[in-house]
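Structure, as structure tokens:
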Amino acid sequence: MSGSGEGTILVVVAHPDDESLGVGGTIKKHTEQGIQVDIHCMTGNSERNAELKQACSILGVENLYLSERDDFAITKDLTNEVVGAILKARPQIVITHFSDDYNRNHQQCARIVEEAVEWASHTTIFENAHRVERIYNMEINTLISRPNVHVDITDSYQAALAALKKHKSQIKKGGFFYEKLYDARTHLRGVQAKCERAEAFSITLPEHAGPFYRENSVDLLL
Ligand SMILES: [Zn+2]
């Protein structure tokens, strides 16, 4: 059931700037290797979407699914929209927020994505159903207590920081809070991952899609 998007990544975020702040170094690292990374953003307006486009050109992202919606308008109603993005992009993996993030919009986004990944996999509902292999949950405001994986972003950190700075309407807030946070967090994760800078993720396996797919079956356990 793999589609045209095999080997590609879809990043689903709540707000313009989350892509750079949470996963910018990882996105850049993958696009530099020729791996396609698409972004679906749940909220935005003309100013913030223009900033997001500039950030994405630095990160090497070509396909952007933008929205014109207030920051706080993230509700379950958006599930179908995310299902649509998954069926169109057909990604092998999805990167999104961490469900215990401090920001409630981020929590809601993570839950919507998890549900959308499940719906998109239902062969009994969609003729073009698509099974996402796994979800990576990223950090923004809150550190994941037990990350499953760190990505070494030493070489792509500067590009990610440049992308973050394209969000001019946000970057000065809180005394350059976001820039300081990204600097401190990627440095801390780098210490843990034995490199200069890293981004950390937890992994959510969409095991609920299991009954429908051969890929979730094995012949032996080892
Ligand atoms: Zn956000």
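The chains in the structure tokens are called A, B, ... from first to last as shown; in each chain the residues are counted from 1, and the ligands are counted from 1 in the order shown.
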
What does the list of residues within 7 Å of ligand 1 look like if you count only C-alpha atoms and all ligand atoms, written as a PDB file with C-alpha atoms, in the first residue's frame?
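Printed below is selection.pdb as written:
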```pdb
ATOM      1  CA  ALA A  14       0.114  24.109  14.633  1.00  0.00           C
ATOM      2  CA  HIS A  15       1.692  27.471  13.737  1.00  0.00           C
ATOM      3  CA  ASP A  17       7.539  28.972  13.117  1.00  0.00           C
ATOM      4  CA  ASP A  18       6.967  25.575  14.784  1.00  0.00           C
ATOM      5  CA  ASN A 105      -2.586  24.159  20.460  1.00  0.00           C
ATOM      6  CA  HIS A 106       0.428  21.885  20.101  1.00  0.00           C
TER       7      HIS A 106
END
```

Once you count only C-alpha atoms, what closest atom pair and distance in Å to one decimal does each residue of segment 174-211 of chain A within 12 Å of segment 141-146 of chain A have, with rows by chain and rising residue number, as CSV?
```
residue,atom,partner,partner_atom,distance
A:Phe177,CA,A:Asn141,CA,10.5
A:Tyr178,CA,A:Asn141,CA,9.0
A:Glu179,CA,A:Asn141,CA,11.9
A:Lys180,CA,A:Asn141,CA,11.6
A:Leu181,CA,A:Asn141,CA,8.0
A:Tyr182,CA,A:Asn141,CA,9.4
A:Ala184,CA,A:Leu143,CA,11.5
A:Arg185,CA,A:Leu143,CA,8.3
A:Thr186,CA,A:Leu143,CA,10.9
A:Leu188,CA,A:Leu143,CA,10.3
A:Arg189,CA,A:Leu143,CA,9.7
A:Gln192,CA,A:Arg146,CA,11.7
A:Glu199,CA,A:Leu143,CA,10.5
A:Ala200,CA,A:Ile144,CA,7.7
A:Phe201,CA,A:Ile144,CA,7.4
A:Ser202,CA,A:Arg146,CA,7.2
A:Ile203,CA,A:Arg146,CA,10.2
```

Subject >> Contacts of segment 51-57 of chain A at 6 Å (only C-alpha atoms; same-chain gap of 3+ positions) as a VMD selection string >> reply: chain A and resid 16 48 60 to 61 163 166 to 167

Could you write out that same residue set with N, CA and C atoms as a compact mmCIF listing (two decimals), in the first residue's frame?
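Result went into out-v6.txt, see below:
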```
# COMPACT_ATOMS: atom_id res chain seq x y z
N PRO A 16 2.90 28.69 11.99
CA PRO A 16 4.12 29.05 11.29
C PRO A 16 5.17 29.39 12.36
N ARG A 48 2.07 35.84 8.32
CA ARG A 48 2.80 34.69 8.87
C ARG A 48 3.05 33.61 7.81
N GLY A 60 14.54 24.05 2.40
CA GLY A 60 14.46 23.14 1.25
C GLY A 60 13.12 22.45 1.10
N VAL A 61 12.08 23.04 1.70
CA VAL A 61 10.73 22.47 1.61
C VAL A 61 10.01 23.10 0.42
N ALA A 163 16.27 30.15 9.20
CA ALA A 163 14.85 29.95 8.87
C ALA A 163 13.97 30.51 9.99
N LYS A 166 13.40 34.15 9.91
CA LYS A 166 12.49 34.66 8.87
C LYS A 166 11.10 34.93 9.44
N HIS A 167 10.83 34.39 10.61
CA HIS A 167 9.53 34.65 11.25
C HIS A 167 9.63 35.97 12.03
```

Original post:
Which residues come within 12 Å of Lys194 of chain A, counting only C-alpha atoms, excluding same-chain residues fewer than 2 positions away, as number ranges by chain?
Top reply: A: 150-154, 186-192, 196-198

Would you please give, as a PDB file with N, CA and C atoms, in the first residue's frame, all residues of segment 1-220 of chain A that DSSP assigns to strand (DSSP E or B) based on the backbone?
```pdb
ATOM      1  N   ILE A   9       8.651  12.693   3.892  1.00  0.00           N
ATOM      2  CA  ILE A   9       8.252  13.108   5.241  1.00  0.00           C
ATOM      3  C   ILE A   9       7.193  14.205   5.135  1.00  0.00           C
ATOM      4  N   LEU A  10       6.170  14.099   5.984  1.00  0.00           N
ATOM      5  CA  LEU A  10       5.189  15.188   6.112  1.00  0.00           C
ATOM      6  C   LEU A  10       5.292  15.733   7.540  1.00  0.00           C
ATOM      7  N   VAL A  11       5.516  17.043   7.646  1.00  0.00           N
ATOM      8  CA  VAL A  11       5.579  17.696   8.956  1.00  0.00           C
ATOM      9  C   VAL A  11       4.254  18.430   9.161  1.00  0.00           C
ATOM     10  N   VAL A  12       3.541  18.125  10.235  1.00  0.00           N
ATOM     11  CA  VAL A  12       2.264  18.794  10.514  1.00  0.00           C
ATOM     12  C   VAL A  12       2.436  19.629  11.781  1.00  0.00           C
ATOM     13  N   VAL A  13       2.287  20.947  11.635  1.00  0.00           N
ATOM     14  CA  VAL A  13       2.511  21.848  12.777  1.00  0.00           C
ATOM     15  C   VAL A  13       1.282  22.713  13.040  1.00  0.00           C
ATOM     16  N   VAL A  37      10.505  16.709   1.930  1.00  0.00           N
ATOM     17  CA  VAL A  37       9.815  17.032   3.178  1.00  0.00           C
ATOM     18  C   VAL A  37       8.720  18.047   2.854  1.00  0.00           C
ATOM     19  N   ASP A  38       7.462  17.704   3.145  1.00  0.00           N
ATOM     20  CA  ASP A  38       6.336  18.616   2.948  1.00  0.00           C
ATOM     21  C   ASP A  38       5.872  19.119   4.309  1.00  0.00           C
ATOM     22  N   ILE A  39       5.229  20.295   4.315  1.00  0.00           N
ATOM     23  CA  ILE A  39       4.729  20.847   5.580  1.00  0.00           C
ATOM     24  C   ILE A  39       3.248  21.195   5.453  1.00  0.00           C
ATOM     25  N   HIS A  40       2.481  20.769   6.455  1.00  0.00           N
ATOM     26  CA  HIS A  40       1.083  21.182   6.580  1.00  0.00           C
ATOM     27  C   HIS A  40       0.985  22.018   7.850  1.00  0.00           C
ATOM     28  N   CYS A  41       0.535  23.273   7.705  1.00  0.00           N
ATOM     29  CA  CYS A  41       0.422  24.160   8.867  1.00  0.00           C
ATOM     30  C   CYS A  41      -1.052  24.472   9.124  1.00  0.00           C
ATOM     31  N   GLY A  44      -2.604  30.290  10.360  1.00  0.00           N
ATOM     32  CA  GLY A  44      -1.780  31.278   9.655  1.00  0.00           C
ATOM     33  C   GLY A  44      -2.598  32.454   9.179  1.00  0.00           C
ATOM     34  N   LEU A  64       4.011  23.109   0.459  1.00  0.00           N
ATOM     35  CA  LEU A  64       3.473  23.666   1.694  1.00  0.00           C
ATOM     36  C   LEU A  64       1.959  23.655   1.626  1.00  0.00           C
ATOM     37  N   TYR A  65       1.312  23.163   2.689  1.00  0.00           N
ATOM     38  CA  TYR A  65      -0.147  23.223   2.788  1.00  0.00           C
ATOM     39  C   TYR A  65      -0.440  24.290   3.839  1.00  0.00           C
ATOM     40  N   ARG A  69      -6.122  30.810   9.404  1.00  0.00           N
ATOM     41  CA  ARG A  69      -6.935  30.464  10.565  1.00  0.00           C
ATOM     42  C   ARG A  69      -6.224  30.987  11.806  1.00  0.00           C
ATOM     43  N   ILE A  93       6.808   8.815   6.837  1.00  0.00           N
ATOM     44  CA  ILE A  93       6.699   9.210   8.234  1.00  0.00           C
ATOM     45  C   ILE A  93       6.078  10.603   8.360  1.00  0.00           C
ATOM     46  N   VAL A  94       5.474  10.842   9.515  1.00  0.00           N
ATOM     47  CA  VAL A  94       4.902  12.149   9.831  1.00  0.00           C
ATOM     48  C   VAL A  94       5.609  12.674  11.079  1.00  0.00           C
ATOM     49  N   ILE A  95       5.983  13.930  11.039  1.00  0.00           N
ATOM     50  CA  ILE A  95       6.551  14.573  12.227  1.00  0.00           C
ATOM     51  C   ILE A  95       5.539  15.600  12.719  1.00  0.00           C
ATOM     52  N   THR A  96       5.250  15.583  14.017  1.00  0.00           N
ATOM     53  CA  THR A  96       4.333  16.580  14.569  1.00  0.00           C
ATOM     54  C   THR A  96       4.712  16.890  16.016  1.00  0.00           C
ATOM     55  N   ARG A 134       5.339   5.541  10.891  1.00  0.00           N
ATOM     56  CA  ARG A 134       5.422   5.985  12.285  1.00  0.00           C
ATOM     57  C   ARG A 134       5.370   7.502  12.358  1.00  0.00           C
ATOM     58  N   ILE A 135       5.089   7.976  13.560  1.00  0.00           N
ATOM     59  CA  ILE A 135       5.020   9.417  13.815  1.00  0.00           C
ATOM     60  C   ILE A 135       6.187   9.782  14.724  1.00  0.00           C
ATOM     61  N   TYR A 136       6.901  10.830  14.380  1.00  0.00           N
ATOM     62  CA  TYR A 136       7.923  11.373  15.283  1.00  0.00           C
ATOM     63  C   TYR A 136       7.336  12.612  15.951  1.00  0.00           C
ATOM     64  N   ASN A 137       7.403  12.659  17.279  1.00  0.00           N
ATOM     65  CA  ASN A 137       6.885  13.797  18.029  1.00  0.00           C
ATOM     66  C   ASN A 137       8.051  14.688  18.433  1.00  0.00           C
ATOM     67  N   MET A 138       7.938  15.971  18.133  1.00  0.00           N
ATOM     68  CA  MET A 138       9.057  16.901  18.345  1.00  0.00           C
ATOM     69  C   MET A 138       8.838  17.774  19.578  1.00  0.00           C
ATOM     70  N   VAL A 149      14.785   9.070  20.121  1.00  0.00           N
ATOM     71  CA  VAL A 149      15.844   9.265  19.131  1.00  0.00           C
ATOM     72  C   VAL A 149      16.300  10.721  19.109  1.00  0.00           C
ATOM     73  N   HIS A 150      17.595  10.905  18.865  1.00  0.00           N
ATOM     74  CA  HIS A 150      18.162  12.242  18.662  1.00  0.00           C
ATOM     75  C   HIS A 150      18.679  12.315  17.232  1.00  0.00           C
ATOM     76  N   VAL A 151      18.485  13.443  16.580  1.00  0.00           N
ATOM     77  CA  VAL A 151      19.059  13.651  15.245  1.00  0.00           C
ATOM     78  C   VAL A 151      20.172  14.690  15.378  1.00  0.00           C
ATOM     79  N   ASP A 152      21.358  14.336  14.926  1.00  0.00           N
ATOM     80  CA  ASP A 152      22.513  15.243  14.960  1.00  0.00           C
ATOM     81  C   ASP A 152      22.280  16.342  13.916  1.00  0.00           C
ATOM     82  N   ALA A 198      21.603  18.835  18.566  1.00  0.00           N
ATOM     83  CA  ALA A 198      20.680  17.771  18.162  1.00  0.00           C
ATOM     84  C   ALA A 198      19.234  18.194  18.406  1.00  0.00           C
ATOM     85  N   GLU A 199      18.327  17.501  17.729  1.00  0.00           N
ATOM     86  CA  GLU A 199      16.889  17.618  17.990  1.00  0.00           C
ATOM     87  C   GLU A 199      16.411  16.245  18.456  1.00  0.00           C
ATOM     88  N   ALA A 200      15.536  16.236  19.465  1.00  0.00           N
ATOM     89  CA  ALA A 200      15.087  14.979  20.074  1.00  0.00           C
ATOM     90  C   ALA A 200      13.631  14.707  19.716  1.00  0.00           C
ATOM     91  N   PHE A 201      13.296  13.430  19.613  1.00  0.00           N
ATOM     92  CA  PHE A 201      11.931  13.013  19.249  1.00  0.00           C
ATOM     93  C   PHE A 201      11.512  11.786  20.049  1.00  0.00           C
ATOM     94  N   SER A 202      10.220  11.694  20.290  1.00  0.00           N
ATOM     95  CA  SER A 202       9.674  10.411  20.712  1.00  0.00           C
ATOM     96  C   SER A 202       8.977   9.823  19.487  1.00  0.00           C
ATOM     97  N   ILE A 203       8.780   8.514  19.501  1.00  0.00           N
ATOM     98  CA  ILE A 203       8.184   7.834  18.341  1.00  0.00           C
ATOM     99  C   ILE A 203       6.830   7.256  18.725  1.00  0.00           C
ATOM    100  N   THR A 204       5.827   7.516  17.905  1.00  0.00           N
ATOM    101  CA  THR A 204       4.504   6.919  18.081  1.00  0.00           C
ATOM    102  C   THR A 204       4.293   5.943  16.929  1.00  0.00           C
TER     103      THR A 204
END
```

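Nearest residue to Gln108 of chain A among A:Glu133, A:Asp77, A:Glu127, A:Glu19 is A:Asp77, counting only C-alpha atoms.
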
Original post:
Could you write out, as an NGL selection string, all the residues of segment 66-180 of chain A that DSSP marks as alpha helix (DSSP H)?
Top reply: :A and (79-89 or 104-120 or 157-165 or 168-171 or 173-180)

File dump, residues just selected, N, CA and C atoms, as a compact mmCIF listing (two decimals), in the first residue's frame:
```
# COMPACT_ATOMS: atom_id res chain seq x y z
N THR A 79 -9.42 17.38 11.64
CA THR A 79 -8.93 16.02 11.39
C THR A 79 -9.01 15.65 9.90
N ASN A 80 -10.16 15.96 9.28
CA ASN A 80 -10.33 15.60 7.87
C ASN A 80 -9.32 16.29 6.97
N GLU A 81 -8.99 17.52 7.33
CA GLU A 81 -8.01 18.27 6.55
C GLU A 81 -6.65 17.57 6.60
N VAL A 82 -6.29 17.08 7.79
CA VAL A 82 -5.00 16.40 7.93
C VAL A 82 -5.04 15.04 7.22
N VAL A 83 -6.18 14.35 7.29
CA VAL A 83 -6.33 13.10 6.54
C VAL A 83 -6.09 13.39 5.05
N GLY A 84 -6.67 14.47 4.57
CA GLY A 84 -6.49 14.85 3.16
C GLY A 84 -5.03 15.11 2.81
N ALA A 85 -4.33 15.77 3.71
CA ALA A 85 -2.90 16.05 3.47
C ALA A 85 -2.10 14.75 3.43
N ILE A 86 -2.44 13.81 4.31
CA ILE A 86 -1.73 12.52 4.35
C ILE A 86 -2.00 11.73 3.07
N LEU A 87 -3.26 11.71 2.63
CA LEU A 87 -3.61 10.95 1.42
C LEU A 87 -2.97 11.57 0.18
N LYS A 88 -2.77 12.87 0.21
CA LYS A 88 -2.14 13.54 -0.94
C LYS A 88 -0.62 13.37 -0.91
N ALA A 89 -0.01 13.67 0.25
CA ALA A 89 1.46 13.61 0.35
C ALA A 89 1.97 12.17 0.43
N ARG A 104 -1.26 24.38 24.46
CA ARG A 104 -2.45 23.55 24.21
C ARG A 104 -2.75 23.35 22.73
N ASN A 105 -2.40 24.33 21.90
CA ASN A 105 -2.59 24.16 20.46
C ASN A 105 -1.70 23.02 19.96
N HIS A 106 -0.50 22.95 20.51
CA HIS A 106 0.43 21.88 20.10
C HIS A 106 -0.09 20.52 20.56
N GLN A 107 -0.63 20.47 21.76
CA GLN A 107 -1.21 19.20 22.26
C GLN A 107 -2.32 18.74 21.34
N GLN A 108 -3.19 19.68 21.00
CA GLN A 108 -4.35 19.36 20.16
C GLN A 108 -3.89 18.89 18.78
N CYS A 109 -2.90 19.57 18.23
CA CYS A 109 -2.36 19.20 16.91
C CYS A 109 -1.84 17.77 16.95
N ALA A 110 -1.10 17.42 18.01
CA ALA A 110 -0.55 16.06 18.12
C ALA A 110 -1.66 15.02 18.14
N ARG A 111 -2.73 15.30 18.87
CA ARG A 111 -3.84 14.33 18.96
C ARG A 111 -4.57 14.21 17.62
N ILE A 112 -4.78 15.35 16.96
CA ILE A 112 -5.46 15.33 15.66
C ILE A 112 -4.64 14.51 14.66
N VAL A 113 -3.33 14.71 14.66
CA VAL A 113 -2.47 13.98 13.71
C VAL A 113 -2.53 12.49 13.98
N GLU A 114 -2.48 12.11 15.25
CA GLU A 114 -2.52 10.68 15.57
C GLU A 114 -3.82 10.06 15.05
N GLU A 115 -4.92 10.78 15.24
CA GLU A 115 -6.20 10.28 14.77
C GLU A 115 -6.26 10.25 13.25
N ALA A 116 -5.72 11.31 12.61
CA ALA A 116 -5.75 11.39 11.15
C ALA A 116 -4.93 10.28 10.52
N VAL A 117 -3.80 9.94 11.15
CA VAL A 117 -2.97 8.84 10.63
C VAL A 117 -3.77 7.54 10.65
N GLU A 118 -4.54 7.36 11.70
CA GLU A 118 -5.36 6.15 11.77
C GLU A 118 -6.45 6.15 10.68
N TRP A 119 -7.20 7.26 10.58
CA TRP A 119 -8.27 7.29 9.58
C TRP A 119 -7.72 7.09 8.16
N ALA A 120 -6.59 7.75 7.88
CA ALA A 120 -6.02 7.67 6.53
C ALA A 120 -5.64 6.25 6.15
N TYR A 157 22.27 23.33 11.81
CA TYR A 157 21.75 24.26 12.82
C TYR A 157 21.69 25.70 12.30
N GLN A 158 22.74 26.15 11.64
CA GLN A 158 22.76 27.55 11.19
C GLN A 158 21.64 27.84 10.19
N ALA A 159 21.38 26.89 9.31
CA ALA A 159 20.28 27.07 8.34
C ALA A 159 18.95 27.11 9.06
N ALA A 160 18.79 26.25 10.06
CA ALA A 160 17.53 26.23 10.81
C ALA A 160 17.33 27.54 11.57
N LEU A 161 18.41 28.06 12.13
CA LEU A 161 18.33 29.34 12.85
C LEU A 161 17.98 30.47 11.87
N ALA A 162 18.58 30.45 10.70
CA ALA A 162 18.26 31.47 9.68
C ALA A 162 16.79 31.37 9.29
N ALA A 163 16.27 30.15 9.20
CA ALA A 163 14.85 29.95 8.87
C ALA A 163 13.97 30.51 9.99
N LEU A 164 14.35 30.22 11.22
CA LEU A 164 13.58 30.71 12.37
C LEU A 164 13.52 32.24 12.35
N LYS A 165 14.62 32.87 11.99
CA LYS A 165 14.68 34.34 11.97
C LYS A 165 13.82 34.96 10.87
N LYS A 168 9.72 37.04 11.26
CA LYS A 168 10.01 38.36 11.83
C LYS A 168 8.94 38.84 12.81
N SER A 169 7.69 38.42 12.59
CA SER A 169 6.61 38.87 13.49
C SER A 169 6.70 38.19 14.86
N GLN A 170 7.49 37.12 14.95
CA GLN A 170 7.56 36.34 16.19
C GLN A 170 8.90 36.46 16.92
N ILE A 171 9.95 36.68 16.16
CA ILE A 171 11.30 36.44 16.69
C ILE A 171 11.69 37.36 17.86
N LYS A 173 9.71 38.46 20.18
CA LYS A 173 8.82 38.28 21.34
C LYS A 173 9.59 37.71 22.54
N GLY A 174 9.21 38.21 23.74
CA GLY A 174 9.80 37.69 24.97
C GLY A 174 11.31 37.87 25.03
N GLY A 175 11.83 38.97 24.46
CA GLY A 175 13.29 39.17 24.48
C GLY A 175 14.00 38.08 23.69
N PHE A 176 13.54 37.84 22.45
CA PHE A 176 14.12 36.81 21.56
C PHE A 176 14.05 35.41 22.19
N PHE A 177 12.93 35.17 22.86
CA PHE A 177 12.74 33.91 23.59
C PHE A 177 12.97 32.68 22.71
N TYR A 178 12.35 32.67 21.52
CA TYR A 178 12.40 31.46 20.68
C TYR A 178 13.82 31.13 20.21
N GLU A 179 14.54 32.19 19.86
CA GLU A 179 15.92 31.99 19.41
C GLU A 179 16.78 31.44 20.55
N LYS A 180 16.58 31.99 21.75
CA LYS A 180 17.34 31.51 22.91
C LYS A 180 16.96 30.07 23.25
```

Subject >> Atomic distance atom CA of Ser99 of chain A - atom CA of Asp71 of chain A, expressed in Å with one decimal >> reply: 17.0 Å
